[in-house]
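J.: The file below is target-v3.cif, mmCIF, C-alpha atoms:
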data_protein
#
loop_
_atom_site.label_atom_id
_atom_site.label_comp_id
_atom_site.auth_asym_id
_atom_site.auth_seq_id
_atom_site.Cartn_x
_atom_site.Cartn_y
_atom_site.Cartn_z
CA MET A 1 -5.17 -154.72 105.62
CA GLU A 2 -2.82 -156.17 108.20
CA PRO A 3 0.93 -155.58 107.90
CA GLY A 4 2.64 -158.10 105.68
CA GLU A 5 -0.60 -159.25 104.00
CA GLY A 6 -1.57 -158.84 100.40
CA PRO A 7 0.00 -159.14 97.01
CA GLY A 8 3.07 -156.90 97.42
CA ALA A 9 5.68 -159.48 96.48
CA LEU A 10 9.27 -158.44 96.82
CA ASP A 11 12.60 -159.74 95.66
CA LEU A 12 15.70 -159.69 97.81
CA HIS A 13 18.92 -159.66 95.87
CA GLY A 14 21.14 -162.59 96.71
CA ASP A 15 22.07 -162.88 100.35
CA GLU A 16 22.35 -159.16 100.89
CA GLU A 17 21.53 -158.05 104.37
CA ILE A 18 19.44 -155.00 105.07
CA ILE A 19 21.94 -152.21 105.05
CA GLU A 20 22.82 -150.55 108.27
CA VAL A 21 22.15 -146.82 108.13
CA VAL A 22 25.11 -145.01 109.63
CA GLU A 23 24.11 -141.56 110.82
CA LEU A 24 26.63 -138.94 109.83
CA GLY A 25 26.19 -135.34 110.87
CA PRO A 26 25.22 -133.49 107.68
CA PRO A 27 27.56 -130.73 106.56
CA GLY A 28 26.20 -127.25 107.20
CA PRO A 29 24.63 -125.23 104.35
CA ASP A 30 27.64 -122.89 104.32
CA ASP A 31 30.08 -125.79 103.82
CA LEU A 32 28.01 -127.11 100.94
CA ALA A 33 27.55 -123.73 99.33
CA GLU A 34 31.33 -123.24 99.54
CA GLU A 35 31.91 -126.69 98.03
CA MET A 36 29.67 -125.76 95.11
CA GLU A 37 31.79 -122.61 94.72
CA ASP A 38 34.79 -124.89 94.06
CA VAL A 39 33.12 -126.81 91.26
CA ASP A 40 34.79 -126.17 87.93
CA PHE A 41 32.11 -125.13 85.51
CA GLU A 42 32.84 -124.75 81.84
CA ASP A 43 30.78 -122.62 79.52
CA GLU A 44 29.17 -124.90 77.00
CA GLY A 45 27.16 -123.79 74.01
CA ALA A 46 23.41 -124.11 74.22
CA GLU A 47 21.80 -126.65 71.97
CA GLU A 48 19.10 -125.88 69.49
CA PRO A 49 15.77 -126.83 71.05
CA ASP A 50 13.62 -129.26 69.15
CA ALA A 51 11.05 -127.22 67.31
CA GLU A 52 8.46 -129.97 67.34
CA ALA A 53 5.24 -128.68 68.85
CA TRP A 54 3.81 -130.49 71.82
CA GLU A 55 0.26 -131.75 71.55
CA SER A 56 -1.78 -132.18 74.67
CA GLU A 57 -3.50 -135.48 75.22
CA ASP A 58 -7.20 -135.72 75.80
CA ASP A 59 -8.22 -134.92 79.34
CA GLU A 60 -7.89 -138.45 80.60
CA GLY A 61 -9.51 -139.17 83.93
CA VAL A 62 -11.82 -136.15 83.87
CA GLU A 63 -15.25 -137.31 84.82
CA ASP A 64 -18.44 -135.81 83.51
CA GLY A 65 -20.36 -134.03 86.22
CA MET A 66 -17.45 -133.93 88.63
CA GLU A 67 -18.81 -132.53 91.89
CA ALA A 68 -19.25 -128.79 92.12
CA GLN A 69 -18.05 -129.06 95.74
CA ASP A 70 -15.20 -126.62 96.40
CA ASP A 71 -13.27 -126.95 99.64
CA SER A 72 -10.57 -124.47 98.61
CA GLU A 73 -9.86 -121.12 100.29
CA VAL A 74 -8.24 -119.37 97.31
CA THR A 75 -8.46 -119.93 93.54
CA PHE A 76 -5.82 -118.56 91.17
CA SER A 77 -7.32 -118.23 87.69
CA LEU A 78 -4.84 -116.31 85.50
CA HIS A 79 -3.83 -119.38 83.47
CA SER A 80 -5.81 -120.01 80.29
CA ALA A 81 -4.91 -123.72 79.88
CA SER A 82 -3.87 -126.71 82.00
CA VAL A 83 -1.58 -125.79 84.91
CA PHE A 84 1.26 -128.32 85.00
CA CYS A 85 3.46 -127.41 87.96
CA VAL A 86 3.55 -125.60 91.28
CA SER A 87 6.17 -124.85 93.94
CA LEU A 88 6.07 -122.90 97.19
CA ASP A 89 8.86 -120.57 98.26
CA PRO A 90 10.82 -122.51 100.92
CA LYS A 91 11.70 -119.61 103.17
CA THR A 92 8.29 -118.12 103.96
CA ASN A 93 5.81 -120.46 102.21
CA THR A 94 3.84 -117.33 101.29
CA LEU A 95 4.48 -117.36 97.52
CA ALA A 96 3.63 -119.90 94.83
CA VAL A 97 4.93 -120.22 91.28
CA THR A 98 2.79 -122.02 88.70
CA GLY A 99 3.47 -122.91 85.06
CA GLY A 100 1.09 -124.04 82.39
CA GLU A 101 0.20 -125.15 78.89
CA ASP A 102 -0.55 -121.50 78.04
CA ASP A 103 3.28 -120.91 77.92
CA LYS A 104 2.97 -118.78 81.04
CA ALA A 105 4.35 -118.84 84.58
CA PHE A 106 3.19 -116.66 87.45
CA VAL A 107 4.46 -115.88 90.94
CA TRP A 108 1.53 -115.15 93.27
CA ARG A 109 0.59 -114.80 96.92
CA VAL A 110 -0.88 -117.90 98.52
CA SER A 111 -2.93 -115.94 101.07
CA ASP A 112 -5.16 -114.18 98.53
CA GLY A 113 -4.11 -115.31 95.02
CA GLU A 114 -2.74 -111.83 94.25
CA LEU A 115 -0.29 -111.79 91.30
CA LEU A 116 3.24 -110.69 92.21
CA PHE A 117 4.68 -110.90 88.69
CA GLU A 118 4.56 -112.89 85.47
CA CYS A 119 7.64 -114.86 84.36
CA SER A 120 7.23 -113.78 80.75
CA GLY A 121 8.98 -114.83 77.55
CA HIS A 122 8.24 -118.57 77.35
CA LYS A 123 7.07 -119.90 73.98
CA ASP A 124 6.14 -123.44 75.02
CA SER A 125 4.32 -125.14 77.90
CA VAL A 126 5.96 -124.30 81.24
CA THR A 127 6.42 -127.71 82.87
CA CYS A 128 9.02 -126.92 85.59
CA ALA A 129 9.09 -124.12 88.14
CA GLY A 130 10.70 -123.71 91.54
CA PHE A 131 12.31 -121.37 94.06
CA SER A 132 15.93 -121.50 95.21
CA HIS A 133 16.57 -122.79 98.76
CA ASP A 134 16.53 -119.24 100.20
CA SER A 135 13.63 -117.98 98.03
CA VAL A 136 15.89 -115.35 96.42
CA PHE A 137 15.42 -116.73 92.88
CA VAL A 138 12.64 -118.48 91.01
CA ALA A 139 13.34 -120.63 87.92
CA THR A 140 10.87 -121.53 85.18
CA GLY A 141 11.47 -124.01 82.38
CA ASP A 142 9.43 -124.84 79.30
CA MET A 143 9.20 -128.02 77.22
CA SER A 144 11.37 -126.66 74.41
CA GLY A 145 14.23 -126.19 76.88
CA LEU A 146 14.16 -122.46 77.59
CA ILE A 147 15.00 -121.91 81.27
CA LYS A 148 14.68 -118.48 82.90
CA VAL A 149 15.64 -117.33 86.39
CA TRP A 150 14.11 -114.30 88.11
CA ARG A 151 15.12 -112.41 91.21
CA VAL A 152 11.97 -112.49 93.32
CA ASP A 153 12.31 -109.21 95.26
CA ALA A 154 13.22 -107.21 92.14
CA LYS A 155 10.76 -109.16 89.94
CA GLU A 156 13.35 -109.15 87.16
CA GLU A 157 14.92 -111.78 84.95
CA VAL A 158 18.59 -112.33 85.81
CA TRP A 159 19.53 -115.33 83.60
CA SER A 160 18.25 -117.52 80.80
CA PHE A 161 19.57 -120.47 78.82
CA GLU A 162 18.32 -122.85 76.14
CA VAL A 163 18.92 -126.59 76.31
CA GLY A 164 17.29 -129.50 74.46
CA ASP A 165 13.76 -130.61 75.35
CA LEU A 166 13.42 -130.27 79.12
CA GLU A 167 12.44 -133.30 81.25
CA TRP A 168 12.94 -132.01 84.81
CA MET A 169 14.60 -129.22 86.77
CA GLU A 170 15.66 -128.83 90.41
CA TRP A 171 17.45 -126.32 92.63
CA HIS A 172 20.39 -127.34 94.81
CA PRO A 173 19.25 -127.59 98.47
CA GLN A 174 21.94 -125.20 99.81
CA ALA A 175 23.41 -123.17 96.93
CA HIS A 176 22.35 -121.04 93.97
CA VAL A 177 22.91 -123.94 91.61
CA LEU A 178 20.31 -125.30 89.19
CA LEU A 179 20.17 -128.83 87.75
CA ALA A 180 18.11 -129.95 84.75
CA GLY A 181 17.69 -133.13 82.71
CA THR A 182 17.04 -133.11 78.96
CA ALA A 183 15.76 -135.47 76.27
CA ASP A 184 19.25 -135.99 74.81
CA GLY A 185 20.34 -137.74 78.04
CA ASN A 186 22.34 -134.84 79.45
CA THR A 187 22.05 -133.43 82.94
CA TRP A 188 23.03 -129.76 83.12
CA MET A 189 24.27 -127.82 86.13
CA TRP A 190 24.57 -124.03 86.30
CA LYS A 191 25.70 -121.52 88.89
CA ILE A 192 23.12 -118.75 89.11
CA PRO A 193 23.31 -115.95 88.12
CA SER A 194 26.82 -116.29 86.58
CA GLY A 195 25.64 -119.13 84.33
CA ASP A 196 28.86 -121.17 84.70
CA CYS A 197 27.90 -124.54 83.28
CA LYS A 198 28.73 -128.22 83.57
CA THR A 199 27.13 -131.25 81.89
CA PHE A 200 26.86 -134.89 82.89
CA GLN A 201 26.46 -137.14 79.87
CA GLY A 202 24.06 -140.02 80.32
CA PRO A 203 23.04 -142.67 77.78
CA ALA A 204 21.66 -141.43 74.46
CA CYS A 205 18.08 -141.35 75.73
CA PRO A 206 16.07 -138.91 77.86
CA ALA A 207 17.12 -138.19 81.46
CA THR A 208 13.54 -138.66 82.68
CA CYS A 209 13.87 -137.77 86.38
CA GLY A 210 16.46 -136.55 88.85
CA ARG A 211 17.06 -135.52 92.41
CA ILE A 212 19.96 -133.86 94.24
CA LEU A 213 20.78 -135.92 97.34
CA PRO A 214 20.62 -134.23 100.78
CA ASP A 215 24.43 -134.03 101.07
CA GLY A 216 24.36 -131.58 98.14
CA LYS A 217 27.35 -133.37 96.60
CA ARG A 218 25.61 -136.07 94.59
CA ALA A 219 22.60 -136.36 92.33
CA VAL A 220 20.62 -139.41 91.24
CA VAL A 221 19.31 -139.40 87.66
CA GLY A 222 16.96 -141.90 86.01
CA TYR A 223 16.84 -142.56 82.28
CA GLU A 224 14.39 -143.80 79.67
CA ASP A 225 16.42 -146.99 79.05
CA GLY A 226 15.79 -148.14 82.65
CA THR A 227 19.23 -147.19 83.98
CA MET A 228 19.96 -145.04 87.02
CA ARG A 229 23.17 -143.16 87.72
CA ILE A 230 24.50 -141.49 90.87
CA TRP A 231 26.67 -138.52 89.89
CA ASP A 232 29.40 -136.74 91.82
CA LEU A 233 28.48 -133.10 91.19
CA LYS A 234 31.93 -131.72 91.99
CA GLN A 235 34.00 -134.18 89.94
CA GLY A 236 31.40 -134.63 87.21
CA THR A 237 31.88 -138.41 87.39
CA SER A 238 29.40 -141.25 87.63
CA LEU A 239 29.77 -142.98 91.03
CA HIS A 240 27.34 -145.85 90.43
CA VAL A 241 25.31 -147.14 87.48
CA LEU A 242 22.36 -149.48 87.83
CA LYS A 243 21.53 -151.26 84.59
CA GLY A 244 20.53 -154.65 83.22
CA GLN A 245 18.90 -156.82 85.91
CA ASP A 246 19.81 -154.29 88.60
CA GLY A 247 18.19 -151.47 86.67
CA HIS A 248 14.59 -151.23 85.49
CA GLN A 249 13.18 -152.87 82.38
CA ASP A 250 11.28 -149.73 81.34
CA PRO A 251 11.77 -145.96 81.63
CA LEU A 252 12.22 -144.48 85.11
CA THR A 253 9.41 -142.14 86.16
CA CYS A 254 10.56 -140.90 89.57
CA VAL A 255 13.36 -140.99 92.13
CA ALA A 256 13.46 -140.05 95.82
CA SER A 257 15.87 -140.25 98.74
CA ASN A 258 15.38 -140.56 102.47
CA GLN A 259 16.25 -137.70 104.81
CA ASP A 260 19.94 -138.53 105.26
CA GLY A 261 20.44 -139.64 101.65
CA SER A 262 21.52 -143.18 102.58
CA LEU A 263 18.65 -144.76 100.66
CA ILE A 264 17.32 -144.01 97.20
CA MET A 265 14.09 -145.30 95.71
CA THR A 266 13.45 -145.48 91.97
CA GLY A 267 10.11 -145.99 90.24
CA SER A 268 9.44 -147.10 86.70
CA VAL A 269 6.89 -147.86 84.01
CA ASP A 270 7.76 -151.53 84.75
CA CYS A 271 5.68 -151.19 87.99
CA HIS A 272 8.67 -151.93 90.23
CA ALA A 273 10.10 -149.67 92.92
CA LYS A 274 13.72 -150.39 93.82
CA LEU A 275 15.39 -149.52 97.09
CA VAL A 276 19.07 -148.70 96.60
CA ASN A 277 21.95 -148.10 99.03
CA SER A 278 23.35 -144.77 97.80
CA ALA A 279 26.84 -145.44 99.20
CA THR A 280 27.34 -148.81 97.45
CA GLY A 281 24.93 -148.43 94.53
CA LYS A 282 23.52 -151.88 95.39
CA VAL A 283 19.83 -152.79 95.19
CA VAL A 284 18.59 -153.62 98.70
CA CYS A 285 15.16 -154.87 97.62
CA VAL A 286 12.51 -154.60 94.92
CA PHE A 287 8.87 -153.81 95.65
CA LYS A 288 6.54 -155.27 93.03
CA MET A 289 2.85 -154.54 92.79
CA GLU A 290 0.92 -157.51 91.46
CA SER A 291 -2.62 -157.11 90.22
CA VAL A 292 -5.24 -158.06 92.79
CA THR A 293 -7.89 -159.20 90.35
CA PRO A 294 -6.97 -161.48 87.45
CA LYS A 295 -7.34 -159.47 84.24
CA ALA A 296 -9.90 -160.71 81.74
CA PRO A 297 -8.32 -161.88 78.48
CA ILE A 298 -7.77 -158.96 76.14
CA SER A 299 -9.90 -159.02 72.99
CA GLU A 300 -8.32 -158.12 69.71
CA GLY A 301 -8.02 -154.37 69.27
CA GLU A 302 -8.30 -153.72 73.02
CA GLU A 303 -5.38 -152.30 74.91
CA ALA A 304 -4.12 -153.89 78.10
CA GLU A 305 -4.71 -151.72 81.17
CA SER A 306 -1.39 -150.07 81.83
CA ASN A 307 0.08 -149.51 85.24
CA SER A 308 3.27 -147.81 86.37
CA VAL A 309 4.89 -146.19 89.39
CA GLU A 310 4.03 -142.48 89.18
CA SER A 311 5.42 -141.08 92.44
CA LEU A 312 7.22 -142.21 95.58
CA GLY A 313 8.74 -140.88 98.79
CA PHE A 314 10.13 -141.66 102.22
CA CYS A 315 8.58 -140.86 105.59
CA ASN A 316 10.88 -138.74 107.81
CA VAL A 317 9.63 -140.02 111.17
CA MET A 318 9.16 -143.77 110.63
CA PRO A 319 10.92 -146.36 108.40
CA LEU A 320 8.16 -146.21 105.80
CA ALA A 321 8.03 -145.48 102.08
CA ALA A 322 5.02 -144.75 99.88
CA VAL A 323 4.59 -145.66 96.23
CA GLY A 324 1.75 -144.30 94.08
CA TYR A 325 0.62 -146.23 91.00
CA LEU A 326 -1.26 -145.27 87.85
CA ASP A 327 -3.98 -147.84 88.69
CA GLY A 328 -4.85 -145.82 91.81
CA THR A 329 -3.01 -147.93 94.39
CA LEU A 330 -1.11 -146.19 97.18
CA ALA A 331 1.23 -148.79 98.70
CA ILE A 332 2.87 -148.14 102.09
CA TYR A 333 5.97 -150.29 102.54
CA ASP A 334 7.73 -151.04 105.84
CA LEU A 335 11.46 -150.58 105.19
CA SER A 336 12.61 -152.48 108.28
CA THR A 337 10.83 -155.67 107.20
CA GLN A 338 10.77 -154.79 103.48
CA SER A 339 7.11 -155.76 103.28
CA LEU A 340 3.82 -154.22 102.19
CA ARG A 341 2.13 -152.61 105.18
CA HIS A 342 -1.00 -151.05 103.65
CA LYS A 343 -2.74 -150.67 100.32
CA CYS A 344 -4.92 -147.57 100.00
CA GLN A 345 -7.09 -147.71 96.90
CA HIS A 346 -8.07 -144.69 94.80
CA GLU A 347 -10.71 -144.85 92.09
CA SER A 348 -8.40 -143.27 89.55
CA GLY A 349 -4.68 -142.94 88.95
CA ILE A 350 -2.34 -141.28 91.44
CA VAL A 351 -0.44 -138.37 89.90
CA GLN A 352 1.79 -137.48 92.82
CA LEU A 353 2.32 -138.12 96.52
CA LEU A 354 4.07 -136.13 99.26
CA TRP A 355 4.83 -136.92 102.90
CA GLU A 356 4.30 -134.41 105.67
CA GLU A 357 7.67 -133.23 106.94
CA SER A 358 7.21 -134.29 110.55
CA SER A 359 4.52 -136.96 110.69
CA ALA A 360 3.49 -140.27 109.13
CA VAL A 361 0.84 -138.63 106.95
CA VAL A 362 1.02 -138.98 103.18
CA TYR A 363 -0.87 -136.78 100.69
CA THR A 364 -2.00 -137.95 97.26
CA CYS A 365 -3.50 -136.16 94.30
CA SER A 366 -5.20 -138.06 91.53
CA LEU A 367 -6.90 -137.94 88.16
CA ASP A 368 -10.31 -137.64 89.86
CA GLY A 369 -9.42 -134.10 91.00
CA ALA A 370 -9.18 -134.79 94.74
CA VAL A 371 -6.40 -134.40 97.33
CA ARG A 372 -6.42 -137.06 100.05
CA LEU A 373 -4.56 -137.37 103.35
CA TRP A 374 -3.70 -140.86 104.59
CA ASP A 375 -2.44 -142.06 107.96
CA ALA A 376 0.41 -144.38 106.99
CA ARG A 377 0.32 -146.14 110.37
CA SER A 378 -3.28 -147.32 110.03
CA GLY A 379 -3.70 -147.11 106.25
CA LYS A 380 -6.91 -145.10 106.79
CA MET A 381 -7.88 -141.95 104.90
CA ILE A 382 -7.89 -138.89 107.18
CA SER A 383 -9.60 -136.42 104.86
CA GLU A 384 -10.36 -135.54 101.26
CA TYR A 385 -10.46 -132.14 99.56
CA ARG A 386 -12.19 -131.32 96.29
CA GLY A 387 -12.65 -128.23 94.18
CA HIS A 388 -11.19 -128.96 90.75
CA SER A 389 -13.33 -129.93 87.77
CA ALA A 390 -10.48 -131.82 86.13
CA GLU A 391 -7.49 -133.94 87.10
CA ILE A 392 -4.89 -132.53 89.53
CA LEU A 393 -1.51 -132.39 87.77
CA ASP A 394 0.77 -131.22 90.59
CA PHE A 395 0.61 -130.07 94.20
CA ALA A 396 2.76 -128.71 97.01
CA VAL A 397 2.42 -128.82 100.81
CA ASN A 398 3.80 -126.07 103.06
CA LYS A 399 6.28 -126.78 105.87
CA ASP A 400 3.83 -126.97 108.75
CA ALA A 401 1.39 -128.96 106.62
CA SER A 402 -1.41 -126.42 107.05
CA ILE A 403 -2.00 -125.70 103.35
CA VAL A 404 -1.92 -127.58 100.06
CA VAL A 405 -1.63 -125.79 96.71
CA THR A 406 -2.87 -127.74 93.68
CA THR A 407 -2.79 -127.24 89.90
CA SER A 408 -5.19 -128.81 87.46
CA GLY A 409 -6.31 -129.45 83.92
CA ASP A 410 -9.22 -127.06 84.66
CA HIS A 411 -6.80 -124.08 84.16
CA GLN A 412 -6.82 -123.26 87.88
CA ALA A 413 -4.57 -123.45 90.91
CA LYS A 414 -6.21 -123.75 94.31
CA VAL A 415 -5.18 -123.33 97.94
CA PHE A 416 -6.71 -125.70 100.51
CA CYS A 417 -6.41 -125.32 104.29
CA VAL A 418 -5.76 -128.71 105.83
CA GLN A 419 -5.40 -127.90 109.52
CA ARG A 420 -6.41 -131.00 111.44
CA PRO A 421 -7.98 -131.29 114.91
CA ASP A 422 -5.47 -134.01 115.91
CA ARG A 423 -2.54 -131.55 115.81
#
Go ahead and express the file in the form of structure tokens.
T.:
Amino acid sequence: MEPGEGPGALDLHGDEEIIEVVELGPPGPDDLAEEMEDVDFEDEGAEEPDAEAWESEDDEGVEDGMEAQDDSEVTFSLHSASVFCVSLDPKTNTLAVTGGEDDKAFVWRVSDGELLFECSGHKDSVTCAGFSHDSVFVATGDMSGLIKVWRVDAKEEVWSFEVGDLEWMEWHPQAHVLLAGTADGNTWMWKIPSGDCKTFQGPACPATCGRILPDGKRAVVGYEDGTMRIWDLKQGTSLHVLKGQDGHQDPLTCVASNQDGSLIMTGSVDCHAKLVNSATGKVVCVFKMESVTPKAPISEGEEAESNSVESLGFCNVMPLAAVGYLDGTLAIYDLSTQSLRHKCQHESGIVQLLWEESSAVVYTCSLDGAVRLWDARSGKMISEYRGHSAEILDFAVNKDASIVVTTSGDHQAKVFCVQRPDR
């Protein structure tokens, strides 16, 4: 599809001009770590987690007779149920942590799948897991709200805390500080391993997604009521709130920021992706995905086909953003013209997308169990990797984009080598 063609309608708000991105030299990691040292944390009592058990849905999207083709180099098979999350250690990219529906989390070597240690003690599905910026700590969080932190070299637990039902969790990019969002609308922040704590109170509905901005001083949090807030982490105050017409009409599913943190993108169940100036809190434009084919009238008792934004992200090397939809559409938007550049169709829903760090290549994983690489400049698929017998639920790409680690409903995690001849 040619740039600018197709059904990607967009709304510009009023007479706003495209914002000018002013490049500011980012503060060094030491400055930011010191700033986080100055944050006043108060010890706050943990809340009782909701005891309601979580029931897994049917394996939607799993096709009978999915190919037995396996392009992976390594398979990690210690989980005994769906594997929900994976992260790679940022410093060396040699270790992975995975968490699953079996209430277990494991840290293992990517090169051979060898177990390093189990993050034991969880009593509910482990849905969040990640390493600190320097790979010293690994954090695991389960649905009931029990979060544990382990020191990787010593393989020992150094901290744990219970919050309400956990929605998301993320490490600070330059300090040993952990952020998490819960179903009661709170966002929690802890210093690790001291456990000094601070909370940011959102609306009385789940804080469904969140991201610390690259400056390390602010975080953007999306909520189930369609609102989005930008928080000042040091002051504990809300800098900007997007709600009503500026916010989304349905729950937020994902948030992302560009490399310098000047732009934020939010995605929602309402199928819109909004581009926001993080300094002013103003919506720059709205990307809407309209259906290509007119839907047949819905008979009584039939459900309308649902669609939503599932994942999004910015390209580091070109002014492009990618949005992945539940109907299998990968939309590549040109930020300079605020128009749809390419539509890349998948046969089943996109679960997550990630950009390569230093090229215009975007990776998608989907409910059909495949990982695909797309050239965002041409809109063409570069390659496809298979090996799972069920949907892929999460994936991670290493820094030099030579390996992809995937987790799936088939109880396995897999490592794929994606070295390409064009590099």
J.: Around the point (24.0, -131.9, 89.5), in the coordinates given by the file, pick out the residues reaching within 6 Å, counting all atoms listed in the file, and return them as a PyMOL selection string.
T.: chain A and resi 179+189+219+233
J.: So the first atom is atom CA of Cys85 of chain A and the second is atom CA of Phe395 of chain A; what is the distance between them in Å, to one decimal place?
T.: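 A separation of 7.4 Å between them.
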J.: Run the PyMOL selection byres ((chain A and resi 224) around 9) on the file and write out the hits as a list in words.
T.: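 For this structure, the PyMOL selection byres ((chain A and resi 224) around 9) resolves to Gly185, Pro203, Cys205, Pro206, Ala207, Thr208, Gly222, Tyr223, Asp225, Gly226, Thr227, Asp250, Pro251, Leu252 and Thr253 of chain A.
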J.: For this structure, which residues satisfy the selection - the PyMOL selection byres ((chain A and resi 186) around 9) - when it is evaluated on the file as given? I want them as a VMD selection string.
T.: chain A and resid 164 180 to 185 187 to 188 199 to 207
J.: For atom CA of Thr364 of chain A and atom CA of Glu391 of chain A, quote the distance in Å rounded to one decimal.
T.: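 Interatomic distance here is 12.2 Å.
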J.: Starting from the PyMOL selection byres ((chain A and resi 87) around 8), expand the selection into actual residues of this file and give them as a PyMOL selection string.
T.: chain A and resi 85-86+88-89+96-98+129-131+395-396
J.: Pull the neighbourhood of (5.3, -145.3, 94.8) for me: all residues within 6 Å in file coordinates, counting only C-alpha atoms, as a ChimeraX atom specification.
T.: /A:309,311-312,322-324
J.: Please provide as a PyMOL selection string all residues within 10 Å of Asp153 of chain A, with the sequence filter that same-chain residues fewer than 3 positions apart are discarded (counting only C-alpha atoms).
T.: chain A and resi 116+135-137+150+156
J.: Any idea what the distance is between atom CA of Ile230 of chain A and atom CA of Val255 of chain A?
T.: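 According to the coordinates, atom CA of Ile230 of chain A and atom CA of Val255 of chain A are separated by 11.2 Å.
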J.: Which one is closest to Lys414 of chain A: A:Ser111, A:Thr140, A:Gln259, A:Ser160? Count all atoms listed in the file.
T.: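 That would be A:Ser111, the residue with the smallest distance to Lys414 of chain A.
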J.: With all atoms listed in the file as the counted atoms, please give the residues lying no more than 9 Å from Asp246 of chain A, apart from itself and same-chain residues fewer than 2 positions off, as a ChimeraX atom specification.
T.: /A:227,242-244,248,274,282-283
J.: Excluding Ser120 of chain A and its own-chain neighbours fewer than 4 positions away, which residues fall within 12 Å of it when counting only C-alpha atoms? Please give them as a PyMOL selection string.
T.: chain A and resi 99+102-107+124+126+139-142+146-150+155-157+160
J.: For a quick check of understanding, using all atoms listed in the file, which of A:Cys344, A:Val74, A:Val221, A:Leu320 has the smallest distance to Val415 of chain A?
T.: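 That would be A:Val74, the residue with the smallest distance to Val415 of chain A.
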J.: Counting all atoms listed in the file, which of A:Asp165, A:Glu101, A:Asp232, A:Glu37 gets nearest to Ser408 of chain A?
T.: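 For Ser408 of chain A, the nearest of the candidates is A:Glu101.
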J.: Could you list, as a ChimeraX atom specification, every residue within 8 Å of segment 355-359 of chain A, counting only C-alpha atoms and ignoring same-chain residues fewer than 2 positions away?
T.: /A:313-317,353,361-363,397,399-401
J.: Determine, counting all atoms listed in the file, which protein, DNA and RNA residues have an atom within 10 Å of an atom of His388 of chain A; residues of the same chain fewer than 4 positions away are not included. Present the result as JSON, numbers by chain.
T.: {"A": [62, 66, 67, 68, 69, 70, 71, 72, 75, 368, 369, 370, 371, 392, 406, 407, 408, 409, 410, 411, 412, 413, 414]}
